[in-house]
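The file entry_24.pdb contains PDB, C-alpha atoms and all ligand atoms:
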ATOM      1  CA  MET S   7       0.000   0.000   0.000
ATOM      2  CA  LEU S   8       1.390   3.401  -1.049
ATOM      3  CA  LYS S   9       2.567   5.557   1.838
ATOM      4  CA  THR S  10       1.746   9.238   1.459
ATOM      5  CA  ASN S  11       3.876  12.145   2.599
ATOM      6  CA  HIS S  12       1.583  12.396   5.631
ATOM      7  CA  GLU S  13       2.586   8.929   6.780
ATOM      8  CA  LEU S  14       6.235   9.293   5.799
ATOM      9  CA  SER S  15       6.685  12.775   7.224
ATOM     10  CA  SER S  16       9.236  12.724  10.007
ATOM     11  CA  ARG S  17       9.591  16.483  10.138
ATOM     12  CA  PRO S  18       9.646  17.767  13.684
ATOM     13  CA  ALA S  19       6.968  20.320  14.552
ATOM     14  CA  PHE S  20       9.717  22.798  15.424
ATOM     15  CA  PRO S  21      12.069  24.595  14.927
ATOM     16  CA  LEU S  22      10.522  27.010  12.474
ATOM     17  CA  HIS S  23      12.741  29.093  10.266
ATOM     18  CA  GLN S  24      12.046  32.804  10.137
ATOM     19  CA  ARG S  25      14.474  34.715   7.933
ATOM     20  CA  THR S  26      14.692  38.050   6.160
ATOM     21  CA  CYS S  27      15.478  37.329   2.524
ATOM     22  CA  GLU S  28      16.732  39.809  -0.054
ATOM     23  CA  VAL S  29      14.395  40.374  -2.983
ATOM     24  CA  LYS S  30      16.124  39.709  -6.296
ATOM     25  CA  VAL S  31      13.200  39.936  -8.729
ATOM     26  CA  ASN S  32       9.569  41.038  -8.332
ATOM     27  CA  ASP S  33       8.268  41.511 -11.839
ATOM     28  CA  PRO S  34       4.795  41.482 -13.389
ATOM     29  CA  VAL S  35       4.075  38.409 -15.505
ATOM     30  CA  ASN S  36       0.810  39.791 -16.880
ATOM     31  CA  SER S  37      -1.943  42.148 -15.713
ATOM     32  CA  GLN S  38      -2.698  40.084 -12.560
ATOM     33  CA  TYR S  39       0.318  37.977 -11.621
ATOM     34  CA  ARG S  40       3.840  38.676 -10.392
ATOM     35  CA  TYR S  41       6.993  36.589 -10.137
ATOM     36  CA  LEU S  42       9.008  37.036  -6.939
ATOM     37  CA  VAL S  43      12.502  35.656  -6.373
ATOM     38  CA  VAL S  44      14.354  36.005  -3.076
ATOM     39  CA  SER S  45      17.762  34.818  -1.976
ATOM     40  CA  ALA S  46      17.424  32.076   0.628
ATOM     41  CA  PRO S  47      19.755  30.225   2.985
ATOM     42  CA  ASP S  48      20.065  26.431   2.886
ATOM     43  CA  GLU S  49      17.646  25.782   5.741
ATOM     44  CA  LEU S  50      14.795  27.425   3.810
ATOM     45  CA  LEU S  51      15.617  25.430   0.693
ATOM     46  CA  ASP S  52      15.214  22.104   2.460
ATOM     47  CA  CYS S  53      11.690  22.050   1.078
ATOM     48  CA  GLU S  54       9.354  19.928  -1.032
ATOM     49  CA  PRO S  55       6.850  20.577  -3.832
ATOM     50  CA  GLY S  56       3.489  21.513  -2.318
ATOM     51  CA  GLN S  57       4.867  23.172   0.802
ATOM     52  CA  PHE S  58       4.402  26.885   1.400
ATOM     53  CA  PHE S  59       5.930  29.916   3.089
ATOM     54  CA  HIS S  60       4.187  32.484   5.240
ATOM     55  CA  LEU S  61       5.166  35.944   4.023
ATOM     56  CA  LEU S  62       5.097  39.103   6.112
ATOM     57  CA  CYS S  63       3.320  41.817   4.141
ATOM     58  CA  GLU S  64       4.330  45.224   5.448
ATOM     59  CA  PRO S  65       1.701  47.998   5.815
ATOM     60  CA  GLU S  66       1.633  50.095   2.645
ATOM     61  CA  GLY S  67      -0.474  53.267   2.600
ATOM     62  CA  ASP S  68      -4.063  52.401   3.526
ATOM     63  CA  ASP S  69      -3.298  48.695   3.294
ATOM     64  CA  GLN S  70      -2.663  47.270   6.758
ATOM     65  CA  PRO S  71      -2.385  43.500   6.339
ATOM     66  CA  PHE S  72      -2.246  42.037   9.838
ATOM     67  CA  PHE S  73      -1.555  38.354   9.292
ATOM     68  CA  ARG S  74       1.157  36.885   7.145
ATOM     69  CA  ARG S  75      -0.030  35.586   3.765
ATOM     70  CA  PRO S  76       0.540  31.949   2.697
ATOM     71  CA  MET S  77       2.281  31.415  -0.671
ATOM     72  CA  SER S  78       3.156  28.114  -2.313
ATOM     73  CA  ILE S  79       6.700  27.475  -3.359
ATOM     74  CA  TYR S  80       6.903  28.078  -7.110
ATOM     75  CA  GLY S  81      10.561  27.135  -7.346
ATOM     76  CA  PHE S  82      13.588  26.463  -5.197
ATOM     77  CA  ASP S  83      17.164  26.282  -6.403
ATOM     78  CA  ARG S  84      19.699  25.081  -3.853
ATOM     79  CA  ASP S  85      22.692  25.800  -6.151
ATOM     80  CA  ARG S  86      21.677  29.420  -6.695
ATOM     81  CA  GLY S  87      20.298  29.886  -3.172
ATOM     82  CA  GLU S  88      16.945  31.104  -4.501
ATOM     83  CA  LEU S  89      13.302  30.675  -3.625
ATOM     84  CA  SER S  90      10.523  31.858  -5.933
ATOM     85  CA  PHE S  91       6.806  32.554  -5.778
ATOM     86  CA  LEU S  92       4.149  33.299  -8.384
ATOM     87  CA  TYR S  93       1.318  35.339  -6.948
ATOM     88  CA  LYS S  94      -1.882  37.027  -7.950
ATOM     89  CA  VAL S  95      -2.407  40.556  -6.667
ATOM     90  CA  THR S  96      -5.800  40.350  -4.969
ATOM     91  CA  GLY S  97      -5.847  42.514  -1.842
ATOM     92  CA  ALA S  98      -3.871  44.350   0.824
ATOM     93  CA  GLY S  99      -1.269  41.640   1.441
ATOM     94  CA  THR S 100      -0.412  40.914  -2.146
ATOM     95  CA  ARG S 101      -0.489  44.629  -3.038
ATOM     96  CA  SER S 102       2.154  45.081  -0.342
ATOM     97  CA  LEU S 103       4.207  42.251  -1.846
ATOM     98  CA  ALA S 104       3.873  43.882  -5.259
ATOM     99  CA  SER S 105       5.535  47.039  -3.919
ATOM    100  CA  LEU S 106       8.783  45.227  -3.051
ATOM    101  CA  ARG S 107      11.836  46.244  -5.069
ATOM    102  CA  ALA S 108      15.104  44.390  -5.723
ATOM    103  CA  GLY S 109      17.301  44.766  -2.650
ATOM    104  CA  ASP S 110      14.373  45.049  -0.199
ATOM    105  CA  GLY S 111      14.049  42.526   2.625
ATOM    106  CA  LEU S 112      11.138  40.066   2.864
ATOM    107  CA  ASP S 113      10.438  38.334   6.172
ATOM    108  CA  VAL S 114       9.442  34.693   5.531
ATOM    109  CA  VAL S 115       8.539  31.736   7.726
ATOM    110  CA  GLY S 116       8.864  28.236   6.338
ATOM    111  CA  PRO S 117       8.945  25.847   4.657
ATOM    112  CA  LEU S 118       5.567  24.857   6.117
ATOM    113  CA  GLY S 119       3.062  22.042   5.732
ATOM    114  CA  VAL S 120       3.045  18.646   4.080
ATOM    115  CA  GLY S 121       3.946  18.463   0.392
ATOM    116  CA  PHE S 122       2.991  16.164  -2.474
ATOM    117  CA  THR S 123       3.673  12.421  -2.607
ATOM    118  CA  LEU S 124       5.687  11.271  -5.645
ATOM    119  CA  PRO S 125       5.230   7.488  -5.822
ATOM    120  CA  GLU S 126       8.337   5.730  -7.176
ATOM    121  CA  ASP S 127       6.329   3.583  -9.596
ATOM    122  CA  MET S 128       4.160   6.335 -11.078
ATOM    123  CA  THR S 129       4.616   6.431 -14.869
ATOM    124  CA  HIS S 130       2.315   9.221 -16.075
ATOM    125  CA  PRO S 131       1.098  11.891 -13.655
ATOM    126  CA  LEU S 132      -1.519  14.377 -14.832
ATOM    127  CA  LEU S 133      -1.451  17.877 -13.322
ATOM    128  CA  VAL S 134      -4.643  19.903 -13.643
ATOM    129  CA  ALA S 135      -4.999  23.469 -12.399
ATOM    130  CA  ARG S 136      -6.486  26.829 -13.116
ATOM    131  CA  GLY S 137      -4.825  30.205 -12.884
ATOM    132  CA  VAL S 138      -2.363  30.593 -10.072
ATOM    133  CA  GLY S 139      -3.039  27.010  -8.911
ATOM    134  CA  LEU S 140      -0.413  26.073 -11.465
ATOM    135  CA  ALA S 141       2.207  27.864  -9.335
ATOM    136  CA  THR S 142       1.822  25.167  -6.710
ATOM    137  CA  LEU S 143       2.169  22.364  -9.265
ATOM    138  CA  ALA S 144       5.302  23.742 -10.976
ATOM    139  CA  PRO S 145       7.853  22.267  -8.522
ATOM    140  CA  LEU S 146       5.968  18.972  -8.659
ATOM    141  CA  ALA S 147       6.294  18.933 -12.451
ATOM    142  CA  ARG S 148      10.010  19.682 -12.108
ATOM    143  CA  ALA S 149      10.487  16.826  -9.622
ATOM    144  CA  PHE S 150       8.723  14.314 -11.891
ATOM    145  CA  ARG S 151      10.710  15.449 -14.932
ATOM    146  CA  GLN S 152      13.995  15.211 -13.003
ATOM    147  CA  ARG S 153      13.108  11.549 -12.556
ATOM    148  CA  GLY S 154      12.430  11.306 -16.306
ATOM    149  CA  VAL S 155       8.713  10.603 -15.788
ATOM    150  CA  LYS S 156       6.318  11.460 -18.629
ATOM    151  CA  THR S 157       4.145  14.299 -17.285
ATOM    152  CA  THR S 158       1.087  16.033 -18.704
ATOM    153  CA  ALA S 159      -0.457  19.298 -17.478
ATOM    154  CA  ILE S 160      -3.895  20.665 -18.267
ATOM    155  CA  CYS S 161      -3.587  24.422 -17.751
ATOM    156  CA  SER S 162      -6.852  26.317 -17.455
ATOM    157  CA  ALA S 163      -7.563  30.059 -17.485
ATOM    158  CA  ARG S 164     -10.171  32.599 -18.511
ATOM    159  CA  SER S 165      -8.189  33.572 -21.600
ATOM    160  CA  ALA S 166      -4.905  32.681 -23.280
ATOM    161  CA  ASP S 167      -3.084  35.733 -21.858
ATOM    162  CA  LEU S 168      -3.863  34.530 -18.300
ATOM    163  CA  LEU S 169      -2.515  31.012 -18.830
ATOM    164  CA  MET S 170       0.266  30.625 -16.285
ATOM    165  CA  SER S 171       3.534  28.729 -16.409
ATOM    166  CA  VAL S 172       3.018  27.196 -19.853
ATOM    167  CA  GLU S 173       6.558  28.080 -21.001
ATOM    168  CA  LEU S 174       8.032  26.825 -17.735
ATOM    169  CA  PHE S 175       6.196  23.500 -18.002
ATOM    170  CA  GLU S 176       7.205  23.100 -21.634
ATOM    171  CA  ALA S 177      10.839  23.902 -20.824
ATOM    172  CA  LEU S 178      10.722  21.104 -18.259
ATOM    173  CA  GLY S 179       9.521  18.705 -20.944
ATOM    174  CA  VAL S 180       5.924  18.584 -19.688
ATOM    175  CA  ARG S 181       3.241  18.177 -22.346
ATOM    176  CA  VAL S 182       0.873  21.117 -21.846
ATOM    177  CA  ILE S 183      -2.781  21.058 -22.872
ATOM    178  CA  PRO S 184      -4.152  24.618 -22.538
ATOM    179  CA  VAL S 185      -7.898  25.120 -22.045
ATOM    180  CA  THR S 186      -9.621  28.503 -21.753
ATOM    181  CA  ASP S 187     -13.088  29.916 -21.134
ATOM    182  CA  ALA S 188     -12.589  32.008 -24.284
ATOM    183  CA  ASP S 189     -12.088  28.846 -26.366
ATOM    184  CA  GLY S 190     -15.017  27.127 -24.626
ATOM    185  CA  ASN S 191     -13.008  24.009 -23.686
ATOM    186  CA  SER S 192     -12.462  24.670 -19.962
ATOM    187  CA  GLY S 193     -15.882  23.545 -18.673
ATOM    188  CA  THR S 194     -16.144  20.555 -16.349
ATOM    189  CA  GLY S 195     -17.620  18.306 -19.062
ATOM    190  CA  ALA S 196     -14.897  19.083 -21.595
ATOM    191  CA  ILE S 197     -12.078  18.614 -19.071
ATOM    192  CA  GLU S 198     -13.597  15.377 -17.775
ATOM    193  CA  ALA S 199     -13.792  13.968 -21.321
ATOM    194  CA  LEU S 200     -10.158  14.980 -21.883
ATOM    195  CA  ILE S 201      -9.005  13.328 -18.660
ATOM    196  CA  GLU S 202     -10.987  10.167 -19.392
ATOM    197  CA  ARG S 203      -9.241   9.960 -22.772
ATOM    198  CA  LEU S 204      -5.803  10.464 -21.190
ATOM    199  CA  VAL S 205      -6.544   7.748 -18.635
ATOM    200  CA  ALA S 206      -7.787   5.292 -21.271
ATOM    201  CA  GLU S 207      -5.267   5.963 -24.036
ATOM    202  CA  GLU S 208      -2.177   7.196 -22.207
ATOM    203  CA  LYS S 209      -2.384   5.311 -18.940
ATOM    204  CA  VAL S 210      -2.425   8.289 -16.603
ATOM    205  CA  ASP S 211      -1.783   6.847 -13.144
ATOM    206  CA  GLY S 212      -1.580   9.946 -10.949
ATOM    207  CA  LEU S 213      -3.787  13.015 -10.545
ATOM    208  CA  TYR S 214      -2.719  16.300  -8.931
ATOM    209  CA  THR S 215      -4.569  19.579  -8.620
ATOM    210  CA  CYS S 216      -4.682  22.834  -6.723
ATOM    211  CA  GLY S 217      -6.832  25.840  -6.111
ATOM    212  CA  SER S 218     -10.188  24.998  -7.709
ATOM    213  CA  LYS S 219     -13.079  23.337  -5.909
ATOM    214  CA  ARG S 220     -14.616  22.402  -9.253
ATOM    215  CA  LEU S 221     -11.448  20.674 -10.507
ATOM    216  CA  THR S 222     -10.931  18.970  -7.135
ATOM    217  CA  THR S 223     -14.433  17.486  -7.244
ATOM    218  CA  LEU S 224     -13.875  16.345 -10.830
ATOM    219  CA  LEU S 225     -10.481  14.748 -10.097
ATOM    220  CA  LYS S 226     -11.823  13.081  -6.971
ATOM    221  CA  ARG S 227     -14.529  11.474  -9.116
ATOM    222  CA  VAL S 228     -12.010  10.274 -11.738
ATOM    223  CA  SER S 229      -9.605   9.089  -9.030
ATOM    224  CA  SER S 230     -12.265   7.036  -7.307
ATOM    225  CA  SER S 231     -13.863   5.590 -10.454
ATOM    226  CA  HIS S 232     -10.493   4.391 -11.847
ATOM    227  CA  GLY S 233      -8.691   3.757  -8.547
ATOM    228  CA  ILE S 234      -5.985   6.277  -9.472
ATOM    229  CA  PHE S 235      -3.845   7.882  -6.768
ATOM    230  CA  GLY S 236      -4.501  11.607  -6.479
ATOM    231  CA  GLU S 237      -3.715  14.613  -4.314
ATOM    232  CA  VAL S 238      -4.894  18.208  -3.996
ATOM    233  CA  ALA S 239      -3.147  21.233  -2.514
ATOM    234  CA  LEU S 240      -5.847  23.250  -0.758
ATOM    235  CA  GLU S 241      -5.983  26.999  -0.282
ATOM    236  CA  GLN S 242      -7.628  28.139   2.919
ATOM    237  CA  HIS S 243      -7.635  31.335   4.946
ATOM    238  CA  MET S 244      -4.876  31.147   7.531
ATOM    239  CA  ALA S 245      -3.761  33.074  10.571
ATOM    240  CA  CYS S 246      -0.760  31.459  12.306
ATOM    241  CA  GLY S 247       0.139  29.061   9.457
ATOM    242  CA  VAL S 248       1.898  26.699  11.858
ATOM    243  CA  GLY S 249      -0.888  24.610  13.361
ATOM    244  CA  VAL S 250      -1.646  26.521  16.530
ATOM    245  CA  CYS S 251      -4.686  28.776  16.037
ATOM    246  CA  GLN S 252      -7.121  26.360  14.284
ATOM    247  CA  ALA S 253      -8.231  29.108  11.852
ATOM    248  CA  CYS S 254      -7.740  26.854   8.847
ATOM    249  CA  VAL S 255      -9.551  23.718  10.082
ATOM    250  CA  LEU S 256     -11.752  21.828   7.614
ATOM    251  CA  PRO S 257     -13.515  18.450   7.865
ATOM    252  CA  PHE S 258     -11.855  15.533   6.032
ATOM    253  CA  SER S 259     -12.542  11.834   5.706
ATOM    254  CA  ARG S 260      -9.539  10.026   7.174
ATOM    255  CA  ASP S 261      -9.139   6.580   8.761
ATOM    256  CA  GLY S 262     -12.818   5.798   8.141
ATOM    257  CA  ARG S 263     -14.238   8.790   9.991
ATOM    258  CA  THR S 264     -14.720  12.518   9.590
ATOM    259  CA  GLN S 265     -11.877  14.459  11.201
ATOM    260  CA  ASP S 266     -11.218  18.161  11.564
ATOM    261  CA  LEU S 267      -7.712  18.790  10.197
ATOM    262  CA  ARG S 268      -5.572  21.909   9.899
ATOM    263  CA  VAL S 269      -4.872  22.807   6.285
ATOM    264  CA  CYS S 270      -1.642  24.586   7.290
ATOM    265  CA  ARG S 271      -0.108  21.773   9.299
ATOM    266  CA  ASP S 272      -1.883  18.531   8.260
ATOM    267  CA  GLY S 273      -1.881  19.766   4.636
ATOM    268  CA  PRO S 274      -2.044  21.804   2.506
ATOM    269  CA  VAL S 275      -1.723  18.617   0.401
ATOM    270  CA  PHE S 276      -4.384  15.962   1.002
ATOM    271  CA  ASN S 277      -5.330  12.753  -0.727
ATOM    272  CA  LEU S 278      -8.317  13.333  -3.032
ATOM    273  CA  THR S 279     -10.270  10.612  -1.228
ATOM    274  CA  GLU S 280     -10.035  12.629   2.003
ATOM    275  CA  VAL S 281     -11.596  15.822   0.652
ATOM    276  CA  LEU S 282     -15.273  16.262   1.538
TER
HETATM  277  C1  LIG V 301      -1.162  27.066   1.217
HETATM  278  C2  LIG V 301      -1.526  28.233   0.329
HETATM  279  C3  LIG V 301      -0.758  28.496  -0.787
HETATM  280  C4  LIG V 301      -1.064  29.590  -1.604
HETATM  281  N1  LIG V 301      -0.287  29.811  -2.680
HETATM  282  C5  LIG V 301      -0.546  30.858  -3.470
HETATM  283  C6  LIG V 301       0.287  31.134  -4.581
HETATM  284  O1  LIG V 301       1.250  30.422  -4.873
HETATM  285  N2  LIG V 301      -0.010  32.225  -5.322
HETATM  286  C7  LIG V 301      -1.091  33.043  -5.033
HETATM  287  O2  LIG V 301      -1.324  34.002  -5.748
HETATM  288  N3  LIG V 301      -1.890  32.794  -3.999
HETATM  289  C8  LIG V 301      -1.643  31.735  -3.198
HETATM  290  N4  LIG V 301      -2.435  31.504  -2.112
HETATM  291  C9  LIG V 301      -3.546  32.443  -1.821
HETATM  292  C10 LIG V 301      -2.967  33.670  -1.125
HETATM  293  O3  LIG V 301      -2.517  33.324   0.160
HETATM  294  C11 LIG V 301      -4.041  34.748  -1.006
HETATM  295  O4  LIG V 301      -4.398  35.173  -2.301
HETATM  296  C12 LIG V 301      -3.533  35.942  -0.246
HETATM  297  O5  LIG V 301      -3.394  35.595   1.101
HETATM  298  C13 LIG V 301      -4.473  37.087  -0.411
HETATM  299  O6  LIG V 301      -4.072  38.107   0.469
HETATM  300  P1  LIG V 301      -4.455  39.614   0.160
HETATM  301  O7  LIG V 301      -4.263  40.370   1.418
HETATM  302  O8  LIG V 301      -3.755  40.107  -1.044
HETATM  303  O9  LIG V 301      -5.967  39.550  -0.208
HETATM  304  P2  LIG V 301      -7.213  39.601   0.789
HETATM  305  O10 LIG V 301      -7.727  40.999   0.815
HETATM  306  O11 LIG V 301      -6.890  38.945   2.082
HETATM  307  O12 LIG V 301      -8.182  38.690  -0.005
HETATM  308  C14 LIG V 301      -8.489  38.916  -1.386
HETATM  309  C15 LIG V 301      -9.347  37.787  -1.852
HETATM  310  O13 LIG V 301      -8.635  36.537  -1.765
HETATM  311  C16 LIG V 301      -9.297  35.630  -0.892
HETATM  312  N5  LIG V 301      -8.277  34.964  -0.060
HETATM  313  C17 LIG V 301      -7.474  35.563   0.845
HETATM  314  N6  LIG V 301      -6.661  34.664   1.437
HETATM  315  C18 LIG V 301      -6.973  33.471   0.904
HETATM  316  C19 LIG V 301      -6.510  32.157   1.125
HETATM  317  N7  LIG V 301      -5.564  31.875   2.017
HETATM  318  N8  LIG V 301      -7.067  31.160   0.416
HETATM  319  C20 LIG V 301      -8.036  31.412  -0.456
HETATM  320  N9  LIG V 301      -8.522  32.637  -0.713
HETATM  321  C21 LIG V 301      -8.010  33.656  -0.039
HETATM  322  C22 LIG V 301     -10.224  36.494  -0.059
HETATM  323  O14 LIG V 301     -11.379  35.772   0.352
HETATM  324  C23 LIG V 301     -10.597  37.604  -1.008
HETATM  325  O15 LIG V 301     -11.620  37.219  -1.877
HETATM  326  C24 LIG V 301      -2.173  30.426  -1.284
HETATM  327  C25 LIG V 301      -2.968  30.148  -0.168
HETATM  328  C26 LIG V 301      -2.644  29.063   0.625
HETATM  329  C27 LIG V 301      -3.472  28.773   1.833
HETATM  330  S1  LIG V 302      -3.627  28.807  10.349
HETATM  331 FE1  LIG V 302      -3.394  28.524  12.503
HETATM  332  S2  LIG V 302      -3.781  26.393  12.707
HETATM  333 FE2  LIG V 302      -3.753  26.670  10.559
END
Encoding of this model in C-alpha cells:
Amino acid sequence: MLKTNHELSSRPAFPLHQRTCEVKVNDPVNSQYRYLVVSAPDELLDCEPGQFFHLLCEPEGDDQPFFRRPMSIYGFDRDRGELSFLYKVTGAGTRSLASLRAGDGLDVVGPLGVGFTLPEDMTHPLLVARGVGLATLAPLARAFRQRGVKTTAICSARSADLLMSVELFEALGVRVIPVTDADGNSGTGAIEALIERLVAEEKVDGLYTCGSKRLTTLLKRVSSSHGIFGEVALEQHMACGVGVCQACVLPFSRDGRTQDLRVCRDGPVFNLTEVL
C-alpha cells in the first residue's frame, strides 16, 4: 500500500525558520500575476513541492495587512540559493508584496506544511490546475521530470493571456494542454472527457490539482472511479500558518471517519479521497 507524505513525514513540529530574505526579482508576468525571487539560505531550501511559506506583508499606505499571507513554493534552487513565488495581486497583502523592489528585505517563515507524494512507480502523472493554482504544481512537475517521468499538465484560465507557467512546463519537458473559457473548452464536461481519454489511451496513473473546488471534485470522481492515486493542494484562509490557532480547520474523511484537520499543518496537500 502506497505511503503518502503524511505517513512518511518525520519532520519535527519545530524549529521554524524565520528569515529576512533579499528580494532579487519582483516583476509582473501579466496584468494580474507577479513573479518574486528572493535569496534564501540552505535551511529554507530544504523544502518539497506543495509546501508553502508564510510571508510578512508590510503595511503600505491604507493597506494594513495584519496576518502573514501563505504562498506556495513556485521554485527552489539550492545551487543558486533562490526561492521563488508566483502570486496574484488580490488585496492588501499581495499589493504590499507587489511594492517590493530588488534589494528590499522580505520576512518569511517556512517551509511549512506537508507536500505532495511522488510514488516511485508512477509512470504518467496528470497535473490539472487553473490560474495561479499552477504555481503550486510547478515544482511537482520539475520533480517528476527530473526523474524522467512522462508528465502532462492541463492548464486552465479565462483567456490565453492569463494562462500561467506554460513556457516553464514546456521547458521542463511537460506536455501542456491549454484550455480557456474564451475557447469554450475549460468547462467541467470538456475537461472530464479529456481526462478520461488520457486515462484510457495514455495510462495516466496519478492526478494532482490545486486551487479549484470544481477541478478537485472532478479529479476526486475520476480518481475514485479508476482507482488512481490523487492529491490536492488546498488553499484556505490562515492566521498562524503553523498549526496553533485552528483558523484553517476543515472536515476531512480520514481513517474511516470525519476528522477536523488543519490545512496549514496537516496539509495543505491531502489525498483526493479525504476531501469532503
Ligand atoms: C497554502 C496556500 C498556498 C497559496 N499559494 C498561493 C500562490 O502560490 N499564489 C497566489 O497568488 N496565492 C496563493 N495563495 C492564496 C494567497 O494566500 C491569497 O491570495 C492571499 O493571502 C491574499 O491576500 P491579500 O491580502 O492580497 O488579499 P485579501 O484581501 O486577504 O483577499 C483577497 C481575496 O482573496 C481571498 N483569499 C485571501 N486569502 C486566501 C486564502 N488563504 N485562500 C483562499 N482565498 C483567499 C479572499 O477571500 C478575497 O476574496 C495560497 C494560499 C494558501 C493557503
Ligand atoms: S492557520 Fe493557525 S492552525 Fe492553521
Can you work out which residues are within 7 Å of ligand LIG 302 (chain V), considering all atoms listed in the file, and then hand them over as a PDB file with C-alpha atoms, in the frame of the given file?
ATOM      1  CA  MET S 244      -4.876  31.147   7.531  1.00  0.00           C
ATOM      2  CA  ALA S 245      -3.761  33.074  10.571  1.00  0.00           C
ATOM      3  CA  CYS S 246      -0.760  31.459  12.306  1.00  0.00           C
ATOM      4  CA  GLY S 247       0.139  29.061   9.457  1.00  0.00           C
ATOM      5  CA  VAL S 248       1.898  26.699  11.858  1.00  0.00           C
ATOM      6  CA  GLY S 249      -0.888  24.610  13.361  1.00  0.00           C
ATOM      7  CA  VAL S 250      -1.646  26.521  16.530  1.00  0.00           C
ATOM      8  CA  CYS S 251      -4.686  28.776  16.037  1.00  0.00           C
ATOM      9  CA  GLN S 252      -7.121  26.360  14.284  1.00  0.00           C
ATOM     10  CA  ALA S 253      -8.231  29.108  11.852  1.00  0.00           C
ATOM     11  CA  CYS S 254      -7.740  26.854   8.847  1.00  0.00           C
ATOM     12  CA  VAL S 255      -9.551  23.718  10.082  1.00  0.00           C
ATOM     13  CA  ARG S 268      -5.572  21.909   9.899  1.00  0.00           C
ATOM     14  CA  VAL S 269      -4.872  22.807   6.285  1.00  0.00           C
ATOM     15  CA  CYS S 270      -1.642  24.586   7.290  1.00  0.00           C
ATOM     16  CA  ARG S 271      -0.108  21.773   9.299  1.00  0.00           C
TER      17      ARG S 271
END
Explicit residues for the PyMOL selection byres (((chain S and resi 150) around 10) and not hetatm) (as a short mmCIF file (atom, residue, chain, number, x, y, z; two decimals) with C-alpha atoms, keeping the file's coordinate frame):
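And here is the file that came out, out.cif:
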data_model
loop_
_atom_site.label_atom_id
_atom_site.label_comp_id
_atom_site.auth_asym_id
_atom_site.auth_seq_id
_atom_site.Cartn_x
_atom_site.Cartn_y
_atom_site.Cartn_z
CA LEU S 124 5.69 11.27 -5.64
CA PRO S 125 5.23 7.49 -5.82
CA GLU S 126 8.34 5.73 -7.18
CA MET S 128 4.16 6.34 -11.08
CA THR S 129 4.62 6.43 -14.87
CA HIS S 130 2.32 9.22 -16.08
CA PRO S 131 1.10 11.89 -13.66
CA PRO S 145 7.85 22.27 -8.52
CA LEU S 146 5.97 18.97 -8.66
CA ALA S 147 6.29 18.93 -12.45
CA ARG S 148 10.01 19.68 -12.11
CA ALA S 149 10.49 16.83 -9.62
CA ARG S 151 10.71 15.45 -14.93
CA GLN S 152 14.00 15.21 -13.00
CA ARG S 153 13.11 11.55 -12.56
CA GLY S 154 12.43 11.31 -16.31
CA VAL S 155 8.71 10.60 -15.79
CA LYS S 156 6.32 11.46 -18.63
CA THR S 157 4.14 14.30 -17.28
CA LEU S 178 10.72 21.10 -18.26
CA VAL S 180 5.92 18.58 -19.69
#
- So what do you get for atom C2 of ligand LIG 301 (chain V) versus atom CA of Leu200 of chain S, distance-wise?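 Distance between the two atoms: 27.3 Å.
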- Message: On this structure, the PyMOL selection byres (((not hetatm)) within 8 of (chain V and resi 301)) would catch which residues? List them as a ChimeraX atom specification, sorted by chain and number.
- Response: /S:39,57-59,71,74-80,91-102,119,138-139,141-142,239-244,269-270,274
- Message: Once the PyMOL selection byres (((chain S and resi 43) around 6) and not hetatm) has been evaluated on this model, what residues remain selected, and can you format them as a list of chain:residue names?
- Response: S:Lys30, S:Val31, S:Leu42, S:Val44, S:Leu89, S:Ser90
Selection to disk with C-alpha atoms, as a short mmCIF file (atom, residue, chain, number, x, y, z; two decimals), keeping the file's coordinate frame:
data_model
loop_
_atom_site.label_atom_id
_atom_site.label_comp_id
_atom_site.auth_asym_id
_atom_site.auth_seq_id
_atom_site.Cartn_x
_atom_site.Cartn_y
_atom_site.Cartn_z
CA LYS S 30 16.12 39.71 -6.30
CA VAL S 31 13.20 39.94 -8.73
CA LEU S 42 9.01 37.04 -6.94
CA VAL S 44 14.35 36.01 -3.08
CA LEU S 89 13.30 30.68 -3.62
CA SER S 90 10.52 31.86 -5.93
#
- Would you mind telling me which residue in S:Gly116, S:Gly212, S:Gly109, S:Pro34 lies nearest to Leu62 of chain S when using all atoms listed in the file? S:Gly116
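Between atom CA of Lys226 of chain S and atom CA of Val238 of chain S lies a distance of 9.1 Å.
The spacing separating atom CA of Ala206 of chain S from atom CA of Thr194 of chain S amounts to 18.1 Å.
The closest residue to Thr158 of chain S, picked from S:Gly111, S:Thr186, S:Val210, S:Ala196 and counting all atoms listed in the file, is S:Val210.
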- Closest of S:Ser218, S:Asn32, S:Ser165, S:Thr264 to Arg136 of chain S - atom-to-atom distances counting all atoms listed in the file: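 Going through S:Ser218, S:Asn32, S:Ser165, S:Thr264 one by one, the smallest distance to Arg136 of chain S is for S:Ser218.
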- Using all atoms listed in the file, find the one residue out of S:Val205, S:Ala46, S:Cys216, S:Asp69 that sits nearest to Val114 of chain S.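 Going through S:Val205, S:Ala46, S:Cys216, S:Asp69 one by one, the smallest distance to Val114 of chain S is for S:Ala46.
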- Nearest to Gly217 of chain S, chosen from S:Leu112, S:Leu140, S:Leu169, S:Ile201, with all atoms listed in the file counted in the distances: S:Leu140
- Message: Taking all atoms listed in the file into account, name the residue in S:Gly195, S:Gly137, S:Gly273, S:Gly87 that is nearest to Gly121 of chain S.
- Response: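 Answer, going by the shortest atom-to-atom distance: S:Gly273.
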Show me, as AutoDock Vina command-line options, the centre and edge lengths in Å to one decimal of the axis-aligned box that covers every listed atom of segment 136-155 of chain S with 3 Å on each side.
--center_x 3.8 --center_y 20.6 --center_z -11.5 --size_x 26.5 --size_y 26.0 --size_z 15.6
- Message: List as a VMD selection string the protein and nucleic acid residues near Asp110 of chain S, meaning an atom at most 9 Å away when only C-alpha atoms are counted, but skip any in the same chain fewer than 6 places from it.
- Response: chain S and resid 27 to 30
